[in-house]
Amino acid sequence: MSVTVRVPAKVNVQLAVGSARPDGFHDLANVFLAVSLYDEVTVSPASSLTITCSGPDAGQVPLDRTNLAARAAELLAARHGLSPDVHIHIAKDIPVAGGMAGGSADGAAALLACDTLWSLRSTRAELLSICAELGSDVPFSLVGGAALGTGRGERLTELEVGGEFHWVFAVADGGLSTPAVYGEFDRLTEGLAAPAPAASPALLDALRTGDAPSLAGALANDLQPAALSLRPSLADTLQTGTSAGALAALVSGSGPTTAFLTKDEESAGSVAAALLASGTCREARVASSPTAGARVVGA
């Protein structure tokens with residue numbers, strides 16, 4: 001028997017970052033949207049815990065115990081006195097190290113898949129507790145849809161979305177380390193008084209009403225200056241997308257993937273074509289939001 005779970009990528013339509021905390025994390029107001037780019041994670045019984053990966057950039061995915069999918073299996077097994085003897089296969093389609101929570105998505109998917117395979121029937125609260133232990137973005141990967149993440153991003157309040165939003169994601173060559181981007185954020189903001197992070201009422205209203213132009217005017221990412229400092233070439237990508245007709249552009253999370261909000265699906269196709277033709281990115285992916293979180297699609 002095997003269990004397959006499909007899990008989406010995310011885009012941060014707002015990422016407000018506070019000062020560094022004593023534990024090294026930052027308080028956040030992180031508005032997540034799940035988007036229609038997916039990984040699929042399949043788990044099956046095995047003699048020991050092993051991981052394989054296929055798909056674009058599979059060679060960049062760690063196949064040892066540092067992979068969040070492996071850690072998810074280990075944490076769930078430990079809670080129930082089990083051995084995490086499973087083979088985990090990741091069919092990778094979310095950009096790797098791109099600020100779209102691909103690793104976190106795999107952790108959430110493996111957790112749900114193992115829970116199903118082992119017939120544990122864990123509650124949503126139990127699964128979310130393990131997700132929060134795995135990482136700040138992992139709970140949202142399980143939940144999907146739209147949510148406000150507070151604390152370090154792991155405490156979620158689900159949000160209402162009144163329509164469909166259309167996006168283009170420009171995938172850059174190489175990744176950006178999330179810790180490195182936060183480190184650069186700390187350097188750039190050193191000595192500045194950081195306000196307490198809070199969700200934008202205008203942005204929440206735009207989501208609730210499904211108003212893409214209003215959402216475009218409210219998009220914000222406090223990590224964007226740090227990502228641009230580490231990867232200045234991203235500025236050209238952002239400019240190319242907006243010149244091609246995107247309503248707005250921003251770095252997705254810690255980058256280096258850049259996100260472009262468009263008025264409709266047809267416009268998304270035009271923006272994607274312009275980005276590819278410009279040579280400022282390696283790949284341009286069209287997607288929509290919101291979409292469901294981790295879901296069992298085969299058992």
# chains A, B, ... in the order shown; residues from 1 in each chain; ligands from 1
call {"tool": "select_by_dssp", "arguments": {"residues": "stretch 99-227 of chain A", "states": "alpha helix (DSSP H)", "output": "PyMOL selection string"}}
result
chain A and resi 102-117+124-134+138-143+178-188+201-209+212-218+224-227
call {"tool": "closest_atom_pairs", "arguments": {"of": "stretch 137-202 of chain A", "to": "stretch 26-48 of chain A", "cutoff": "10 Å", "atoms": "only C-alpha atoms", "output": "JSON lines"}}
result
{"residue": "A:Asp137", "atom": "CA", "partner": "A:Phe32", "partner_atom": "CA", "distance": 9.2}
{"residue": "A:Phe140", "atom": "CA", "partner": "A:Phe32", "partner_atom": "CA", "distance": 7.5}
{"residue": "A:Ser141", "atom": "CA", "partner": "A:Ala34", "partner_atom": "CA", "distance": 7.7}
{"residue": "A:Val143", "atom": "CA", "partner": "A:Ala34", "partner_atom": "CA", "distance": 8.9}
{"residue": "A:Gly144", "atom": "CA", "partner": "A:Ala34", "partner_atom": "CA", "distance": 5.3}
{"residue": "A:Gly145", "atom": "CA", "partner": "A:Ala34", "partner_atom": "CA", "distance": 5.3}
{"residue": "A:Ala146", "atom": "CA", "partner": "A:Leu33", "partner_atom": "CA", "distance": 4.6}
{"residue": "A:Ala147", "atom": "CA", "partner": "A:Phe32", "partner_atom": "CA", "distance": 5.3}
{"residue": "A:Leu148", "atom": "CA", "partner": "A:Val31", "partner_atom": "CA", "distance": 4.5}
{"residue": "A:Gly149", "atom": "CA", "partner": "A:Asn30", "partner_atom": "CA", "distance": 4.8}
{"residue": "A:Thr150", "atom": "CA", "partner": "A:Ala29", "partner_atom": "CA", "distance": 5.1}
{"residue": "A:Gly151", "atom": "CA", "partner": "A:Asp27", "partner_atom": "CA", "distance": 5.0}
{"residue": "A:Arg152", "atom": "CA", "partner": "A:Asp27", "partner_atom": "CA", "distance": 5.0}
{"residue": "A:Gly153", "atom": "CA", "partner": "A:Leu28", "partner_atom": "CA", "distance": 5.9}
{"residue": "A:Glu154", "atom": "CA", "partner": "A:Asn30", "partner_atom": "CA", "distance": 9.3}
{"residue": "A:Arg155", "atom": "CA", "partner": "A:Asn30", "partner_atom": "CA", "distance": 9.8}
{"residue": "A:Leu156", "atom": "CA", "partner": "A:Asn30", "partner_atom": "CA", "distance": 9.2}
{"residue": "A:Thr157", "atom": "CA", "partner": "A:Val31", "partner_atom": "CA", "distance": 9.5}
{"residue": "A:Glu158", "atom": "CA", "partner": "A:Phe32", "partner_atom": "CA", "distance": 9.4}
{"residue": "A:Leu159", "atom": "CA", "partner": "A:Val31", "partner_atom": "CA", "distance": 8.9}
{"residue": "A:Val161", "atom": "CA", "partner": "A:Leu33", "partner_atom": "CA", "distance": 9.5}
{"residue": "A:Phe165", "atom": "CA", "partner": "A:Val35", "partner_atom": "CA", "distance": 9.2}
{"residue": "A:His166", "atom": "CA", "partner": "A:Val35", "partner_atom": "CA", "distance": 9.1}
{"residue": "A:Trp167", "atom": "CA", "partner": "A:Val35", "partner_atom": "CA", "distance": 8.4}
{"residue": "A:Phe169", "atom": "CA", "partner": "A:Leu37", "partner_atom": "CA", "distance": 9.8}
{"residue": "A:Tyr182", "atom": "CA", "partner": "A:His26", "partner_atom": "CA", "distance": 8.7}
{"residue": "A:Asp186", "atom": "CA", "partner": "A:His26", "partner_atom": "CA", "distance": 9.8}
{"residue": "A:Ala196", "atom": "CA", "partner": "A:Asp27", "partner_atom": "CA", "distance": 7.9}
{"residue": "A:Pro197", "atom": "CA", "partner": "A:Ala29", "partner_atom": "CA", "distance": 5.3}
{"residue": "A:Ala198", "atom": "CA", "partner": "A:Ala29", "partner_atom": "CA", "distance": 5.2}
{"residue": "A:Ala199", "atom": "CA", "partner": "A:Ala29", "partner_atom": "CA", "distance": 5.6}
{"residue": "A:Ser200", "atom": "CA", "partner": "A:Ala29", "partner_atom": "CA", "distance": 9.0}
call {"tool": "residues_around", "arguments": {"residues": "A:Gly98", "least_positions_apart": "6", "cutoff": "10 Å", "atoms": "only C-alpha atoms", "output": "number ranges by chain"}}
result
A: 169-178, 251-258
call {"tool": "write_last_selection", "arguments": {"atoms": "C-alpha atoms", "output": "mmCIF file, in the first residue's frame"}}
result
data_model
loop_
_atom_site.group_PDB
_atom_site.id
_atom_site.type_symbol
_atom_site.label_atom_id
_atom_site.label_comp_id
_atom_site.auth_asym_id
_atom_site.auth_seq_id
_atom_site.Cartn_x
_atom_site.Cartn_y
_atom_site.Cartn_z
ATOM 1 C CA PHE A 169 5.988 33.236 -11.014
ATOM 2 C CA ALA A 170 9.390 33.932 -12.536
ATOM 3 C CA VAL A 171 11.916 31.314 -11.429
ATOM 4 C CA ALA A 172 15.480 32.576 -11.085
ATOM 5 C CA ASP A 173 18.669 30.613 -11.602
ATOM 6 C CA GLY A 174 19.867 29.313 -8.242
ATOM 7 C CA GLY A 175 18.231 29.793 -4.865
ATOM 8 C CA LEU A 176 18.420 32.207 -1.972
ATOM 9 C CA SER A 177 18.962 31.015 1.580
ATOM 10 C CA THR A 178 16.115 32.143 3.850
ATOM 11 C CA VAL A 251 9.643 39.027 -4.479
ATOM 12 C CA SER A 252 7.928 35.872 -3.213
ATOM 13 C CA GLY A 253 8.849 35.393 0.450
ATOM 14 C CA SER A 254 12.626 35.299 0.793
ATOM 15 C CA GLY A 255 13.024 34.884 -2.990
ATOM 16 C CA PRO A 256 14.486 34.603 -5.490
ATOM 17 C CA THR A 257 11.225 33.681 -7.233
ATOM 18 C CA THR A 258 9.316 36.829 -8.204
#
call {"tool": "residues_around", "arguments": {"residues": "stretch 239-241 of chain A", "least_positions_apart": "5", "cutoff": "12 Å", "atoms": "only C-alpha atoms", "output": "PDB file with N, CA and C atoms, in the first residue's frame"}}
result
ATOM      1  N   TRP A 167      -1.693  34.670 -11.315  1.00  0.00           N
ATOM      2  CA  TRP A 167      -0.299  34.980 -11.012  1.00  0.00           C
ATOM      3  C   TRP A 167       0.628  34.434 -12.093  1.00  0.00           C
ATOM      4  N   VAL A 168       1.797  35.066 -12.183  1.00  0.00           N
ATOM      5  CA  VAL A 168       2.934  34.499 -12.896  1.00  0.00           C
ATOM      6  C   VAL A 168       4.098  34.478 -11.910  1.00  0.00           C
ATOM      7  N   PHE A 169       4.815  33.368 -11.872  1.00  0.00           N
ATOM      8  CA  PHE A 169       5.988  33.236 -11.014  1.00  0.00           C
ATOM      9  C   PHE A 169       7.211  33.052 -11.897  1.00  0.00           C
ATOM     10  N   ALA A 170       8.150  33.977 -11.762  1.00  0.00           N
ATOM     11  CA  ALA A 170       9.390  33.932 -12.536  1.00  0.00           C
ATOM     12  C   ALA A 170      10.452  33.247 -11.689  1.00  0.00           C
ATOM     13  N   SER A 233      19.914  41.475  -9.638  1.00  0.00           N
ATOM     14  CA  SER A 233      19.328  41.209 -10.948  1.00  0.00           C
ATOM     15  C   SER A 233      17.817  41.009 -10.884  1.00  0.00           C
ATOM     16  N   LEU A 234      17.281  40.729  -9.690  1.00  0.00           N
ATOM     17  CA  LEU A 234      15.835  40.542  -9.574  1.00  0.00           C
ATOM     18  C   LEU A 234      15.072  41.816  -9.913  1.00  0.00           C
ATOM     19  N   ALA A 246       1.656  43.361 -15.834  1.00  0.00           N
ATOM     20  CA  ALA A 246       1.255  42.871 -14.515  1.00  0.00           C
ATOM     21  C   ALA A 246       0.719  44.025 -13.678  1.00  0.00           C
ATOM     22  N   LEU A 247      -0.290  43.743 -12.866  1.00  0.00           N
ATOM     23  CA  LEU A 247      -0.847  44.766 -11.981  1.00  0.00           C
ATOM     24  C   LEU A 247       0.144  45.159 -10.895  1.00  0.00           C
ATOM     25  N   ALA A 248       0.936  44.202 -10.454  1.00  0.00           N
ATOM     26  CA  ALA A 248       1.925  44.447  -9.404  1.00  0.00           C
ATOM     27  C   ALA A 248       2.927  43.313  -9.412  1.00  0.00           C
ATOM     28  N   ALA A 249       4.089  43.574  -8.805  1.00  0.00           N
ATOM     29  CA  ALA A 249       5.147  42.567  -8.745  1.00  0.00           C
ATOM     30  C   ALA A 249       5.816  42.646  -7.390  1.00  0.00           C
ATOM     31  N   LEU A 250       6.271  41.510  -6.897  1.00  0.00           N
ATOM     32  CA  LEU A 250       7.047  41.492  -5.659  1.00  0.00           C
ATOM     33  C   LEU A 250       7.865  40.213  -5.599  1.00  0.00           C
ATOM     34  N   VAL A 251       8.882  40.236  -4.759  1.00  0.00           N
ATOM     35  CA  VAL A 251       9.643  39.027  -4.479  1.00  0.00           C
ATOM     36  C   VAL A 251       8.769  38.114  -3.633  1.00  0.00           C
ATOM     37  N   THR A 258      10.091  35.595  -8.220  1.00  0.00           N
ATOM     38  CA  THR A 258       9.316  36.829  -8.204  1.00  0.00           C
ATOM     39  C   THR A 258       7.895  36.537  -8.655  1.00  0.00           C
ATOM     40  N   ALA A 259       6.939  37.255  -8.050  1.00  0.00           N
ATOM     41  CA  ALA A 259       5.517  36.996  -8.275  1.00  0.00           C
ATOM     42  C   ALA A 259       4.872  38.205  -8.932  1.00  0.00           C
ATOM     43  N   PHE A 260       4.014  37.943  -9.910  1.00  0.00           N
ATOM     44  CA  PHE A 260       3.345  39.003 -10.664  1.00  0.00           C
ATOM     45  C   PHE A 260       1.844  38.746 -10.637  1.00  0.00           C
ATOM     46  N   LEU A 261       1.098  39.676 -10.079  1.00  0.00           N
ATOM     47  CA  LEU A 261      -0.360  39.590 -10.050  1.00  0.00           C
ATOM     48  C   LEU A 261      -0.897  40.190 -11.343  1.00  0.00           C
ATOM     49  N   THR A 262      -1.803  39.455 -12.001  1.00  0.00           N
ATOM     50  CA  THR A 262      -2.363  39.927 -13.270  1.00  0.00           C
ATOM     51  C   THR A 262      -3.881  40.019 -13.163  1.00  0.00           C
ATOM     52  N   SER A 267      -4.009  37.676 -19.412  1.00  0.00           N
ATOM     53  CA  SER A 267      -2.911  38.591 -19.109  1.00  0.00           C
ATOM     54  C   SER A 267      -1.737  37.843 -18.496  1.00  0.00           C
ATOM     55  N   ALA A 268      -2.022  36.854 -17.673  1.00  0.00           N
ATOM     56  CA  ALA A 268      -0.942  36.057 -17.078  1.00  0.00           C
ATOM     57  C   ALA A 268      -0.111  35.380 -18.154  1.00  0.00           C
ATOM     58  N   GLY A 269      -0.774  34.865 -19.184  1.00  0.00           N
ATOM     59  CA  GLY A 269      -0.037  34.237 -20.277  1.00  0.00           C
ATOM     60  C   GLY A 269       0.866  35.216 -21.002  1.00  0.00           C
ATOM     61  N   SER A 270       0.386  36.447 -21.206  1.00  0.00           N
ATOM     62  CA  SER A 270       1.186  37.466 -21.886  1.00  0.00           C
ATOM     63  C   SER A 270       2.396  37.875 -21.057  1.00  0.00           C
ATOM     64  N   VAL A 271       2.180  38.045 -19.748  1.00  0.00           N
ATOM     65  CA  VAL A 271       3.282  38.424 -18.866  1.00  0.00           C
ATOM     66  C   VAL A 271       4.326  37.312 -18.822  1.00  0.00           C
ATOM     67  N   ALA A 272       3.868  36.061 -18.737  1.00  0.00           N
ATOM     68  CA  ALA A 272       4.800  34.935 -18.700  1.00  0.00           C
ATOM     69  C   ALA A 272       5.642  34.886 -19.968  1.00  0.00           C
ATOM     70  N   ALA A 273       5.015  35.111 -21.118  1.00  0.00           N
ATOM     71  CA  ALA A 273       5.746  35.084 -22.390  1.00  0.00           C
ATOM     72  C   ALA A 273       6.794  36.194 -22.435  1.00  0.00           C
ATOM     73  N   ALA A 274       6.441  37.382 -21.949  1.00  0.00           N
ATOM     74  CA  ALA A 274       7.388  38.499 -21.954  1.00  0.00           C
ATOM     75  C   ALA A 274       8.565  38.230 -21.021  1.00  0.00           C
ATOM     76  N   LEU A 275       8.290  37.647 -19.881  1.00  0.00           N
ATOM     77  CA  LEU A 275       9.365  37.341 -18.940  1.00  0.00           C
ATOM     78  C   LEU A 275      10.334  36.333 -19.543  1.00  0.00           C
ATOM     79  N   LEU A 276       9.796  35.294 -20.167  1.00  0.00           N
ATOM     80  CA  LEU A 276      10.664  34.289 -20.782  1.00  0.00           C
ATOM     81  C   LEU A 276      11.502  34.896 -21.902  1.00  0.00           C
ATOM     82  N   ALA A 277      10.859  35.720 -22.730  1.00  0.00           N
ATOM     83  CA  ALA A 277      11.566  36.319 -23.868  1.00  0.00           C
ATOM     84  C   ALA A 277      12.666  37.279 -23.414  1.00  0.00           C
ATOM     85  N   SER A 278      12.515  37.861 -22.226  1.00  0.00           N
ATOM     86  CA  SER A 278      13.467  38.862 -21.746  1.00  0.00           C
ATOM     87  C   SER A 278      14.792  38.263 -21.301  1.00  0.00           C
ATOM     88  N   GLY A 279      14.780  36.980 -20.967  1.00  0.00           N
ATOM     89  CA  GLY A 279      15.985  36.350 -20.458  1.00  0.00           C
ATOM     90  C   GLY A 279      16.308  36.706 -19.019  1.00  0.00           C
ATOM     91  N   THR A 280      15.373  37.366 -18.315  1.00  0.00           N
ATOM     92  CA  THR A 280      15.632  37.755 -16.930  1.00  0.00           C
ATOM     93  C   THR A 280      15.253  36.671 -15.925  1.00  0.00           C
ATOM     94  N   CYS A 281      14.733  35.556 -16.424  1.00  0.00           N
ATOM     95  CA  CYS A 281      14.395  34.440 -15.533  1.00  0.00           C
ATOM     96  C   CYS A 281      14.595  33.133 -16.287  1.00  0.00           C
ATOM     97  N   ALA A 284       8.950  30.770 -16.368  1.00  0.00           N
ATOM     98  CA  ALA A 284       7.802  31.564 -15.931  1.00  0.00           C
ATOM     99  C   ALA A 284       6.594  30.630 -15.826  1.00  0.00           C
TER     100      ALA A 284
END
call {"tool": "select_by_dssp", "arguments": {"residues": "stretch 84-214 of chain A", "states": "strand (DSSP E or B)", "output": "PyMOL selection string"}}
result
chain A and resi 86-91+144+146-150+155-158+165-171
call {"tool": "residues_around", "arguments": {"residues": "stretch 72-81 of chain A", "least_positions_apart": "3", "cutoff": "7 Å", "atoms": "only C-alpha atoms", "output": "PDB file with N, CA, C and O atoms, in the first residue's frame"}}
result
ATOM      1  N   LEU A  68      12.594  18.032   5.241  1.00  0.00           N
ATOM      2  CA  LEU A  68      11.449  18.162   6.149  1.00  0.00           C
ATOM      3  C   LEU A  68      10.468  17.011   6.022  1.00  0.00           C
ATOM      4  O   LEU A  68       9.757  16.681   6.977  1.00  0.00           O
ATOM      5  N   ALA A  69      10.417  16.372   4.866  1.00  0.00           N
ATOM      6  CA  ALA A  69       9.547  15.206   4.723  1.00  0.00           C
ATOM      7  C   ALA A  69      10.017  14.066   5.627  1.00  0.00           C
ATOM      8  O   ALA A  69       9.216  13.392   6.276  1.00  0.00           O
ATOM      9  N   PRO A  84       9.881   4.976  11.850  1.00  0.00           N
ATOM     10  CA  PRO A  84       9.523   5.673  10.616  1.00  0.00           C
ATOM     11  C   PRO A  84      10.032   4.947   9.373  1.00  0.00           C
ATOM     12  O   PRO A  84      10.771   5.513   8.552  1.00  0.00           O
ATOM     13  N   GLY A 107       7.104  18.679   3.744  1.00  0.00           N
ATOM     14  CA  GLY A 107       6.971  18.244   5.127  1.00  0.00           C
ATOM     15  C   GLY A 107       5.522  18.021   5.510  1.00  0.00           C
ATOM     16  O   GLY A 107       5.164  17.003   6.119  1.00  0.00           O
ATOM     17  N   ALA A 110       4.197  14.872   3.632  1.00  0.00           N
ATOM     18  CA  ALA A 110       4.680  13.609   4.212  1.00  0.00           C
ATOM     19  C   ALA A 110       3.989  13.316   5.536  1.00  0.00           C
ATOM     20  O   ALA A 110       3.676  12.155   5.847  1.00  0.00           O
ATOM     21  N   LEU A 111       3.742  14.350   6.321  1.00  0.00           N
ATOM     22  CA  LEU A 111       3.059  14.168   7.600  1.00  0.00           C
ATOM     23  C   LEU A 111       1.656  13.598   7.391  1.00  0.00           C
ATOM     24  O   LEU A 111       1.272  12.610   8.037  1.00  0.00           O
ATOM     25  N   CYS A 114       1.915   9.947   5.962  1.00  0.00           N
ATOM     26  CA  CYS A 114       2.269   8.938   6.974  1.00  0.00           C
ATOM     27  C   CYS A 114       1.120   8.710   7.948  1.00  0.00           C
ATOM     28  O   CYS A 114       0.854   7.570   8.358  1.00  0.00           O
ATOM     29  N   LEU A 134       8.070  21.570  12.833  1.00  0.00           N
ATOM     30  CA  LEU A 134       8.902  21.384  11.645  1.00  0.00           C
ATOM     31  C   LEU A 134       9.405  22.707  11.070  1.00  0.00           C
ATOM     32  O   LEU A 134      10.543  22.780  10.598  1.00  0.00           O
TER      33      LEU A 134
END
call {"tool": "closest_residue", "arguments": {"among": "A:Gly59, A:Gly163, A:Gly102, A:Gly191", "to": "A:Gly135", "atoms": "only C-alpha atoms"}}
result
A:Gly102
call {"tool": "residues_around", "arguments": {"residues": "A:Pro225", "least_positions_apart": "6", "cutoff": "9 Å", "atoms": "only C-alpha atoms", "output": "list of chain:residue names"}}
result
A:Glu184, A:Phe185, A:Leu188
call {"tool": "write_last_selection", "arguments": {"atoms": "N, CA, C and O atoms", "output": "compact mmCIF listing (two decimals), in the first residue's frame"}}
result
# COMPACT_ATOMS: atom_id res chain seq x y z
N GLU A 184 20.41 39.60 6.06
CA GLU A 184 20.56 40.86 5.33
C GLU A 184 19.49 41.86 5.75
O GLU A 184 19.76 43.07 5.85
N PHE A 185 18.28 41.37 6.01
CA PHE A 185 17.23 42.25 6.55
C PHE A 185 17.68 42.88 7.86
O PHE A 185 17.52 44.09 8.06
N LEU A 188 20.28 45.57 7.12
CA LEU A 188 19.72 46.78 6.51
C LEU A 188 18.88 47.60 7.48
O LEU A 188 18.75 48.82 7.31
call {"tool": "atom_distance", "arguments": {"atom1": "atom CA of A:Ser289", "atom2": "atom CA of A:Ala16"}}
result
20.6 Å
call {"tool": "decode", "arguments": {"residues": "stretch 114-124 of chain A", "atoms": "all heavy atoms", "output": "PDB file, in the first residue's frame"}}
result
ATOM      1  N   CYS A 114       1.915   9.947   5.962  1.00  0.00           N
ATOM      2  CA  CYS A 114       2.269   8.938   6.974  1.00  0.00           C
ATOM      3  C   CYS A 114       1.120   8.710   7.948  1.00  0.00           C
ATOM      4  O   CYS A 114       0.854   7.570   8.358  1.00  0.00           O
ATOM      5  CB  CYS A 114       3.521   9.365   7.728  1.00  0.00           C
ATOM      6  SG  CYS A 114       5.042   9.234   6.763  1.00  0.00           S
ATOM      7  N   ASP A 115       0.437   9.776   8.327  1.00  0.00           N
ATOM      8  CA  ASP A 115      -0.704   9.633   9.233  1.00  0.00           C
ATOM      9  C   ASP A 115      -1.768   8.741   8.607  1.00  0.00           C
ATOM     10  O   ASP A 115      -2.383   7.902   9.290  1.00  0.00           O
ATOM     11  CB  ASP A 115      -1.283  11.011   9.549  1.00  0.00           C
ATOM     12  CG  ASP A 115      -2.305  10.967  10.663  1.00  0.00           C
ATOM     13  OD1 ASP A 115      -1.896  10.894  11.840  1.00  0.00           O
ATOM     14  OD2 ASP A 115      -3.517  10.965  10.366  1.00  0.00           O
ATOM     15  N   THR A 116      -1.964   8.901   7.295  1.00  0.00           N
ATOM     16  CA  THR A 116      -2.951   8.077   6.588  1.00  0.00           C
ATOM     17  C   THR A 116      -2.458   6.634   6.436  1.00  0.00           C
ATOM     18  O   THR A 116      -3.198   5.681   6.681  1.00  0.00           O
ATOM     19  CB  THR A 116      -3.242   8.694   5.210  1.00  0.00           C
ATOM     20  OG1 THR A 116      -3.667  10.046   5.379  1.00  0.00           O
ATOM     21  CG2 THR A 116      -4.315   7.907   4.476  1.00  0.00           C
ATOM     22  N   LEU A 117      -1.183   6.480   6.051  1.00  0.00           N
ATOM     23  CA  LEU A 117      -0.620   5.142   5.855  1.00  0.00           C
ATOM     24  C   LEU A 117      -0.674   4.329   7.142  1.00  0.00           C
ATOM     25  O   LEU A 117      -1.001   3.131   7.117  1.00  0.00           O
ATOM     26  CB  LEU A 117       0.824   5.266   5.379  1.00  0.00           C
ATOM     27  CG  LEU A 117       1.578   3.953   5.113  1.00  0.00           C
ATOM     28  CD1 LEU A 117       1.030   3.261   3.871  1.00  0.00           C
ATOM     29  CD2 LEU A 117       3.080   4.220   4.951  1.00  0.00           C
ATOM     30  N   TRP A 118      -0.378   4.973   8.272  1.00  0.00           N
ATOM     31  CA  TRP A 118      -0.327   4.281   9.554  1.00  0.00           C
ATOM     32  C   TRP A 118      -1.676   4.256  10.275  1.00  0.00           C
ATOM     33  O   TRP A 118      -1.764   3.785  11.418  1.00  0.00           O
ATOM     34  CB  TRP A 118       0.729   4.941  10.453  1.00  0.00           C
ATOM     35  CG  TRP A 118       2.128   4.841   9.919  1.00  0.00           C
ATOM     36  CD1 TRP A 118       2.621   3.886   9.090  1.00  0.00           C
ATOM     37  CD2 TRP A 118       3.208   5.764  10.156  1.00  0.00           C
ATOM     38  NE1 TRP A 118       3.940   4.127   8.793  1.00  0.00           N
ATOM     39  CE2 TRP A 118       4.337   5.273   9.436  1.00  0.00           C
ATOM     40  CE3 TRP A 118       3.351   6.928  10.891  1.00  0.00           C
ATOM     41  CZ2 TRP A 118       5.577   5.926   9.453  1.00  0.00           C
ATOM     42  CZ3 TRP A 118       4.574   7.589  10.903  1.00  0.00           C
ATOM     43  CH2 TRP A 118       5.672   7.084  10.197  1.00  0.00           C
ATOM     44  N   SER A 119      -2.720   4.775   9.600  1.00  0.00           N
ATOM     45  CA  SER A 119      -4.093   4.763  10.158  1.00  0.00           C
ATOM     46  C   SER A 119      -4.151   5.382  11.548  1.00  0.00           C
ATOM     47  O   SER A 119      -4.830   4.892  12.459  1.00  0.00           O
ATOM     48  CB  SER A 119      -4.654   3.329  10.196  1.00  0.00           C
ATOM     49  OG  SER A 119      -4.682   2.757   8.914  1.00  0.00           O
ATOM     50  N   LEU A 120      -3.445   6.510  11.734  1.00  0.00           N
ATOM     51  CA  LEU A 120      -3.376   7.148  13.045  1.00  0.00           C
ATOM     52  C   LEU A 120      -4.573   8.062  13.312  1.00  0.00           C
ATOM     53  O   LEU A 120      -4.928   8.287  14.476  1.00  0.00           O
ATOM     54  CB  LEU A 120      -2.085   7.956  13.163  1.00  0.00           C
ATOM     55  CG  LEU A 120      -0.794   7.147  13.074  1.00  0.00           C
ATOM     56  CD1 LEU A 120       0.418   8.061  13.117  1.00  0.00           C
ATOM     57  CD2 LEU A 120      -0.723   6.116  14.202  1.00  0.00           C
ATOM     58  N   ARG A 121      -5.170   8.608  12.269  1.00  0.00           N
ATOM     59  CA  ARG A 121      -6.343   9.473  12.395  1.00  0.00           C
ATOM     60  C   ARG A 121      -6.086  10.634  13.369  1.00  0.00           C
ATOM     61  O   ARG A 121      -6.910  10.948  14.231  1.00  0.00           O
ATOM     62  CB  ARG A 121      -7.579   8.681  12.815  1.00  0.00           C
ATOM     63  CG  ARG A 121      -7.983   7.631  11.795  1.00  0.00           C
ATOM     64  CD  ARG A 121      -9.211   6.843  12.219  1.00  0.00           C
ATOM     65  NE  ARG A 121      -9.602   5.880  11.193  1.00  0.00           N
ATOM     66  CZ  ARG A 121      -9.065   4.683  11.058  1.00  0.00           C
ATOM     67  NH1 ARG A 121      -8.105   4.287  11.882  1.00  0.00           N
ATOM     68  NH2 ARG A 121      -9.464   3.871  10.095  1.00  0.00           N
ATOM     69  N   SER A 122      -4.919  11.240  13.253  1.00  0.00           N
ATOM     70  CA  SER A 122      -4.595  12.386  14.106  1.00  0.00           C
ATOM     71  C   SER A 122      -5.569  13.529  13.842  1.00  0.00           C
ATOM     72  O   SER A 122      -6.066  13.702  12.720  1.00  0.00           O
ATOM     73  CB  SER A 122      -3.174  12.874  13.821  1.00  0.00           C
ATOM     74  OG  SER A 122      -2.226  11.874  14.109  1.00  0.00           O
ATOM     75  N   THR A 123      -5.851  14.303  14.880  1.00  0.00           N
ATOM     76  CA  THR A 123      -6.702  15.469  14.701  1.00  0.00           C
ATOM     77  C   THR A 123      -5.935  16.555  13.944  1.00  0.00           C
ATOM     78  O   THR A 123      -4.704  16.545  13.868  1.00  0.00           O
ATOM     79  CB  THR A 123      -7.153  16.038  16.045  1.00  0.00           C
ATOM     80  OG1 THR A 123      -6.005  16.541  16.745  1.00  0.00           O
ATOM     81  CG2 THR A 123      -7.839  14.970  16.895  1.00  0.00           C
ATOM     82  N   ARG A 124      -6.684  17.489  13.410  1.00  0.00           N
ATOM     83  CA  ARG A 124      -6.068  18.627  12.714  1.00  0.00           C
ATOM     84  C   ARG A 124      -5.133  19.372  13.665  1.00  0.00           C
ATOM     85  O   ARG A 124      -4.032  19.770  13.271  1.00  0.00           O
ATOM     86  CB  ARG A 124      -7.173  19.544  12.206  1.00  0.00           C
ATOM     87  CG  ARG A 124      -6.706  20.782  11.463  1.00  0.00           C
ATOM     88  CD  ARG A 124      -7.946  21.606  11.117  1.00  0.00           C
ATOM     89  NE  ARG A 124      -7.647  22.886  10.534  1.00  0.00           N
ATOM     90  CZ  ARG A 124      -7.609  23.142   9.234  1.00  0.00           C
ATOM     91  NH1 ARG A 124      -7.787  22.159   8.372  1.00  0.00           N
ATOM     92  NH2 ARG A 124      -7.383  24.349   8.776  1.00  0.00           N
TER      93      ARG A 124
END
